[in-house]
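Structure file run38.pdb (PDB, C-alpha atoms) is printed below.
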```pdb
ATOM      1  CA  LEU A   1      24.704-109.352 239.535
ATOM      2  CA  GLY A   2      20.982-108.826 239.735
ATOM      3  CA  ILE A   3      20.589-109.298 243.483
ATOM      4  CA  VAL A   4      20.260-106.550 246.073
ATOM      5  CA  TRP A   5      20.653-107.368 249.769
ATOM      6  CA  ASN A   6      19.576-105.294 252.735
ATOM      7  CA  THR A   7      21.924-104.295 255.566
ATOM      8  CA  ALA A   8      20.256-106.353 258.321
ATOM      9  CA  THR A   9      22.016-109.183 260.109
ATOM     10  CA  PRO A  10      21.681-111.671 258.616
ATOM     11  CA  ARG A  11      21.330-109.979 255.249
ATOM     12  CA  ARG A  12      18.160-110.623 253.240
ATOM     13  CA  VAL A  13      17.445-110.411 249.522
ATOM     14  CA  VAL A  14      15.232-107.395 248.830
ATOM     15  CA  GLN A  15      15.435-107.196 245.027
ATOM     16  CA  LEU A  16      15.869-109.644 242.150
ATOM     17  CA  ASP A  17      16.694-108.037 238.825
ATOM     18  CA  LEU A  18      17.078-111.146 236.661
ATOM     19  CA  TYR A  19      16.638-110.331 233.006
ATOM     20  CA  GLY A  20      16.956-113.445 230.929
ATOM     21  CA  ALA A  21      19.895-113.997 228.625
ATOM     22  CA  GLY A  22      19.676-111.956 225.472
ATOM     23  CA  TRP A  23      17.377-109.268 226.860
ATOM     24  CA  ALA A  24      18.684-105.715 226.693
ATOM     25  CA  ALA A  25      17.434-103.010 229.001
ATOM     26  CA  GLY A  26      15.040-100.738 227.160
ATOM     27  CA  ALA A  27      14.583-103.139 224.258
ATOM     28  CA  GLY A  28      11.202-102.861 222.643
ATOM     29  CA  SER A  29       9.233-103.823 219.602
ATOM     30  CA  GLY A  30       9.167-100.316 218.185
ATOM     31  CA  SER A  31       5.618 -99.753 219.407
ATOM     32  CA  ILE A  32       4.512 -96.524 221.002
ATOM     33  CA  HIS A  33       5.349 -96.319 224.698
ATOM     34  CA  PHE A  34       3.749 -93.908 227.108
ATOM     35  CA  THR A  35       3.889 -93.074 230.795
ATOM     36  CA  LEU A  36       0.857 -92.394 232.920
ATOM     37  CA  PRO A  37       1.130 -89.943 235.825
ATOM     38  CA  PHE A  38       0.770 -92.854 238.276
ATOM     39  CA  ASP A  39       2.929 -95.256 236.237
ATOM     40  CA  LYS A  40       6.025 -94.802 238.329
ATOM     41  CA  ALA A  41       8.152 -97.829 237.589
ATOM     42  CA  TYR A  42      10.375 -98.921 240.381
ATOM     43  CA  PRO A  43      13.315 -96.477 240.211
ATOM     44  CA  GLY A  44      15.864 -98.866 241.670
ATOM     45  CA  TRP A  45      16.203-101.469 238.905
ATOM     46  CA  ILE A  46      19.858-102.314 238.617
ATOM     47  CA  GLY A  47      19.752-102.485 234.817
ATOM     48  CA  ASN A  48      22.305-105.255 234.451
ATOM     49  CA  VAL A  49      21.704-107.941 231.884
ATOM     50  CA  VAL A  50      22.094-111.129 233.890
ATOM     51  CA  ASP A  51      22.815-114.337 232.058
ATOM     52  CA  ALA A  52      20.483-116.244 234.387
ATOM     53  CA  HIS A  53      18.430-118.879 232.668
ATOM     54  CA  LEU A  54      15.871-119.940 235.281
ATOM     55  CA  ILE A  55      14.258-123.318 234.611
ATOM     56  CA  GLY A  56      11.238-125.006 236.164
ATOM     57  CA  TYR A  57       9.203-123.969 239.166
ATOM     58  CA  ILE A  58      10.454-120.859 240.943
ATOM     59  CA  ASP A  59       9.465-120.445 244.599
ATOM     60  CA  LEU A  60      10.301-117.006 245.977
ATOM     61  CA  SER A  61       8.121-117.345 249.078
ATOM     62  CA  GLY A  62      11.143-117.728 251.376
ATOM     63  CA  LEU A  63      12.474-114.288 250.415
ATOM     64  CA  THR A  64      10.266-112.514 252.939
ATOM     65  CA  GLU A  65      11.993-109.118 252.581
ATOM     66  CA  LEU A  66      11.647-109.055 248.768
ATOM     67  CA  TYR A  67      10.054-105.871 247.396
ATOM     68  CA  ALA A  68      10.971-105.896 243.674
ATOM     69  CA  VAL A  69      11.237-108.751 241.142
ATOM     70  CA  ASP A  70      12.137-108.522 237.460
ATOM     71  CA  LEU A  71      11.888-111.851 235.630
ATOM     72  CA  ARG A  72      11.731-110.622 232.043
ATOM     73  CA  ALA A  73      12.893-112.972 229.296
ATOM     74  CA  GLN A  74      12.986-116.020 231.522
ATOM     75  CA  ASP A  75      11.389-118.299 228.970
ATOM     76  CA  SER A  76      11.733-121.609 230.847
ATOM     77  CA  ILE A  77       9.889-120.793 234.055
ATOM     78  CA  LEU A  78       7.021-123.284 234.476
ATOM     79  CA  GLY A  79       5.585-121.950 237.720
ATOM     80  CA  LEU A  80       6.026-119.013 240.075
ATOM     81  CA  THR A  81       5.191-118.867 243.792
ATOM     82  CA  VAL A  82       5.150-115.544 245.625
ATOM     83  CA  ASN A  83       2.808-116.477 248.494
ATOM     84  CA  GLY A  84       3.406-114.587 251.708
ATOM     85  CA  LEU A  85       5.673-111.912 250.220
ATOM     86  CA  ASN A  86       4.043-109.150 252.237
ATOM     87  CA  LYS A  87       6.665-106.555 251.263
ATOM     88  CA  LEU A  88       6.538-107.203 247.488
ATOM     89  CA  GLU A  89       5.672-103.979 245.637
ATOM     90  CA  TYR A  90       6.799-104.460 242.011
ATOM     91  CA  ILE A  91       6.786-107.453 239.705
ATOM     92  CA  MET A  92       7.772-107.631 236.045
ATOM     93  CA  PHE A  93       7.310-110.905 234.210
ATOM     94  CA  SER A  94       7.490-111.221 230.425
ATOM     95  CA  ARG A  95       8.680-113.188 227.411
ATOM     96  CA  ASN A  96       7.757-116.536 228.849
ATOM     97  CA  ASP A  97       5.947-119.662 227.644
ATOM     98  CA  PHE A  98       4.361-120.119 231.068
ATOM     99  CA  THR A  99       1.177-122.115 230.394
ATOM    100  CA  ALA A 100      -0.766-121.814 233.634
ATOM    101  CA  SER A 101      -2.164-118.959 235.693
ATOM    102  CA  LEU A 102      -0.205-116.508 237.797
ATOM    103  CA  ASP A 103      -1.340-115.938 241.367
ATOM    104  CA  PHE A 104      -0.407-112.610 242.930
ATOM    105  CA  SER A 105      -3.399-112.571 245.300
ATOM    106  CA  ASN A 106      -3.337-111.445 248.920
ATOM    107  CA  LEU A 107      -0.113-109.443 248.644
ATOM    108  CA  PRO A 108      -0.793-106.407 250.875
ATOM    109  CA  ASN A 109       1.890-104.091 249.441
ATOM    110  CA  LEU A 110       1.860-105.068 245.771
ATOM    111  CA  GLN A 111       1.534-101.869 243.732
ATOM    112  CA  HIS A 112       2.623-102.629 240.155
ATOM    113  CA  ILE A 113       2.261-105.706 237.941
ATOM    114  CA  HIS A 114       3.789-105.618 234.452
ATOM    115  CA  MET A 115       3.271-108.712 232.290
ATOM    116  CA  SER A 116       3.775-108.983 228.567
ATOM    117  CA  LEU A 117       4.599-111.330 225.712
ATOM    118  CA  MET A 118       3.420-114.457 227.488
ATOM    119  CA  ASP A 119       1.487-116.151 224.687
ATOM    120  CA  ALA A 120       0.362-119.157 226.735
ATOM    121  CA  LEU A 121      -0.627-117.402 229.976
ATOM    122  CA  THR A 122      -4.256-118.308 230.695
ATOM    123  CA  GLY A 123      -5.104-116.591 233.952
ATOM    124  CA  LEU A 124      -4.175-113.870 236.393
ATOM    125  CA  ASN A 125      -5.299-113.622 239.998
ATOM    126  CA  ALA A 126      -4.462-110.224 241.482
ATOM    127  CA  SER A 127      -7.300-110.220 244.000
ATOM    128  CA  ASN A 128      -7.115-108.738 247.483
ATOM    129  CA  CYS A 129      -4.079-106.553 246.818
ATOM    130  CA  PRO A 130      -5.260-103.362 248.572
ATOM    131  CA  ARG A 131      -2.366-101.139 247.356
ATOM    132  CA  LEU A 132      -2.327-102.313 243.713
ATOM    133  CA  LYS A 133      -2.304 -99.210 241.512
ATOM    134  CA  LEU A 134      -1.223-100.398 238.064
ATOM    135  CA  LEU A 135      -1.778-103.626 236.186
ATOM    136  CA  LYS A 136      -0.380-103.992 232.664
ATOM    137  CA  SER A 137      -1.022-107.146 230.681
ATOM    138  CA  LYS A 138       0.056-106.941 227.058
ATOM    139  CA  TYR A 139       0.260-109.696 224.442
ATOM    140  CA  ASN A 140      -1.116-112.371 226.771
ATOM    141  CA  THR A 141      -3.915-114.877 226.134
ATOM    142  CA  LEU A 142      -5.865-114.528 229.369
ATOM    143  CA  THR A 143      -9.096-116.443 229.830
ATOM    144  CA  SER A 144      -9.522-115.627 233.531
ATOM    145  CA  PHE A 145      -8.784-112.363 235.301
ATOM    146  CA  ASN A 146      -9.529-111.667 238.978
ATOM    147  CA  ILE A 147      -8.966-108.250 240.541
ATOM    148  CA  SER A 148     -11.705-108.385 243.190
ATOM    149  CA  GLY A 149     -10.748-106.612 246.388
ATOM    150  CA  SER A 150      -7.907-104.721 244.682
ATOM    151  CA  ASP A 151      -9.849-101.501 244.842
ATOM    152  CA  SER A 152      -6.976 -98.990 244.707
ATOM    153  CA  LEU A 153      -6.351 -99.727 241.028
ATOM    154  CA  GLN A 154      -5.820 -96.516 239.095
ATOM    155  CA  ALA A 155      -4.853 -98.002 235.716
ATOM    156  CA  ILE A 156      -5.546-101.245 233.890
ATOM    157  CA  VAL A 157      -3.958-101.932 230.531
ATOM    158  CA  ILE A 158      -5.029-105.094 228.705
ATOM    159  CA  ASN A 159      -3.779-105.064 225.144
ATOM    160  CA  TYR A 160      -3.749-107.831 222.576
ATOM    161  CA  GLY A 161      -5.383-110.176 225.063
ATOM    162  CA  GLY A 162      -6.443-112.880 222.659
ATOM    163  CA  SER A 163      -9.772-114.601 222.980
ATOM    164  CA  GLY A 164     -11.544-116.083 225.947
ATOM    165  CA  LEU A 165     -11.602-113.085 228.294
ATOM    166  CA  ASN A 166     -15.058-111.635 227.715
ATOM    167  CA  ALA A 167     -15.547-109.510 230.836
ATOM    168  CA  ILE A 168     -13.660-107.667 233.532
ATOM    169  CA  ASP A 169     -15.476-106.999 236.793
ATOM    170  CA  LEU A 170     -14.669-103.442 237.874
ATOM    171  CA  THR A 171     -16.952-103.399 240.897
ATOM    172  CA  GLY A 172     -15.439-101.305 243.681
ATOM    173  CA  LYS A 173     -12.756 -99.749 241.467
ATOM    174  CA  THR A 174     -13.666 -96.159 242.427
ATOM    175  CA  GLU A 175     -10.084 -94.902 241.977
ATOM    176  CA  LEU A 176      -9.792 -96.205 238.406
ATOM    177  CA  GLN A 177      -8.661 -93.345 236.158
ATOM    178  CA  TYR A 178      -7.396 -95.185 233.109
ATOM    179  CA  LEU A 179      -8.607 -98.276 231.284
ATOM    180  CA  TRP A 180      -6.930 -99.183 228.007
ATOM    181  CA  MET A 181      -8.097-102.252 226.130
ATOM    182  CA  ARG A 182      -6.986-103.014 222.615
ATOM    183  CA  ASP A 183      -7.439-106.061 220.375
ATOM    184  CA  ASN A 184      -9.181-108.406 222.774
ATOM    185  CA  ASP A 185     -12.640-109.948 223.172
ATOM    186  CA  ILE A 186     -13.780-108.005 226.260
ATOM    187  CA  GLN A 187     -17.435-107.144 225.785
ATOM    188  CA  SER A 188     -18.607-106.450 229.314
ATOM    189  CA  LEU A 189     -17.319-104.266 232.144
ATOM    190  CA  PRO A 190     -19.664-104.830 235.097
ATOM    191  CA  GLY A 191     -19.269-102.336 237.892
ATOM    192  CA  ILE A 192     -17.899 -99.526 235.719
ATOM    193  CA  ASN A 193     -19.183 -96.113 236.686
TER
END
```
What would you get if you wrote out this structure as structure tokens?
Amino acid sequence: LGIVWNTATPRRVVQLDLYGAGWAAGAGSGSIHFTLPFDKAYPGWIGNVVDAHLIGYIDLSGLTELYAVDLRAQDSILGLTVNGLNKLEYIMFSRNDFTASLDFSNLPNLQHIHMSLMDALTGLNASNCPRLKLLKSKYNTLTSFNISGSDSLQAIVINYGGSGLNAIDLTGKTELQYLWMRDNDIQSLPGIN
């Protein structure tokens, strides 16, 4: 459950769909949900609820064919490594007490990042991801946020971001169509046109 393999020899993992225990597909807080024209979530999520309780530092860097990762409701992950995953396109990571920063930088095919309900998350580095289109960060407490060189971004959603993140540098984001910020301390948007 939760793992999709390709047909090569030897077979390689191409998708991890590892909801944490107790998470139900489509569960929400009752808030309003919307879909943007370019918010095309990965259509191939398996949708199984996997009773996988991942603990500690997770290193996915050896899964070189991986293109989609869903780690929602994995509340005991202490670190995540995705370095060198040049085929990774989609990542969902939520409901976690992860206390450090997440580094998704230099991933050439990364297109969608969805992060939410990570109260202790302090930083996000999504720099130099040339195909990144959508970045959603909701209910996180970011104090650092780097999207430099990720100039294909079309939508940025930063809701309920807590305090400490005062500015987002939008220099070079000429394809940005949608910017939604709610209940955070962002006061400056250098580079916005």
**Request:** Could you give me, as a ChimeraX atom specification, the residues within 8 Å of segment 109-125 of chain A, counting all atoms listed in the file and dropping anything in the same chain fewer than 3 positions from it?
**Result:** /A:41,86-105,129-147
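When atom CA of Tyr67 of chain A is paired with atom CA of Thr7 of chain A, their separation reads 14.5 Å.
Omitting Ser148 of chain A and its sequence neighbours fewer than 5 positions away, and counting only C-alpha atoms, the residues within 9 Å are Asn125, Ala126, Ser127, Asn128, Cys129, Asp169, Leu170, Thr171, Gly172 and Lys173 of chain A.
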Keeping C-alpha atoms, export the residues of the selection given above as a PDB file, keeping the file's coordinate frame.
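Final file, again-v1.pdb:
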```
ATOM      1  CA  ASN A 125      -5.299-113.622 239.998  1.00  0.00           C
ATOM      2  CA  ALA A 126      -4.462-110.224 241.482  1.00  0.00           C
ATOM      3  CA  SER A 127      -7.300-110.220 244.000  1.00  0.00           C
ATOM      4  CA  ASN A 128      -7.115-108.738 247.483  1.00  0.00           C
ATOM      5  CA  CYS A 129      -4.079-106.553 246.818  1.00  0.00           C
ATOM      6  CA  ASP A 169     -15.476-106.999 236.793  1.00  0.00           C
ATOM      7  CA  LEU A 170     -14.669-103.442 237.874  1.00  0.00           C
ATOM      8  CA  THR A 171     -16.952-103.399 240.897  1.00  0.00           C
ATOM      9  CA  GLY A 172     -15.439-101.305 243.681  1.00  0.00           C
ATOM     10  CA  LYS A 173     -12.756 -99.749 241.467  1.00  0.00           C
TER      11      LYS A 173
END
```
**Prompt:** Residues around (-3.3, -101.9, 228.0), cut-off 9 Å, counting all atoms listed in the file - what are they as a VMD selection string?
**Reply:** chain A and resid 135 to 138 155 to 160 179 to 182
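Counting from atom CA of Thr9 of chain A, the distance to atom CA of Asp70 of chain A is 24.7 Å.
A straight line drawn from atom CA of Asp183 of chain A to atom CA of Gln154 of chain A is 21.1 Å long.
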**Selection near Ile58 of chain A, 8 Å with all atoms listed in the file, sequence-local residues under 5 positions removed, as JSON, numbers by chain** = {"A": [77, 78, 79, 80, 81]}
**Request:** Decode the PyMOL selection byres ((chain A and resi 16) around 7) for the given file into explicit residues and return them as a ChimeraX atom specification.
**Result:** /A:2-4,15,17-18,68-70
Axis-aligned box over every listed atom of segment 79-88 of chain A, padded by 5 Å per side: centre and edges in Å to one decimal, as lines of an AutoDock Vina configuration file?
```
center_x = 4.7
center_y = -114.3
center_z = 245.0
size_x = 13.9
size_y = 25.4
size_z = 24.5
```
**Item:** Residues selected by the PyMOL selection byres ((chain A and resi 174) around 8), written as a list in words
**Value:** Asp151, Ser152, Gly172, Lys173, Glu175, Leu176 and Asn193 of chain A
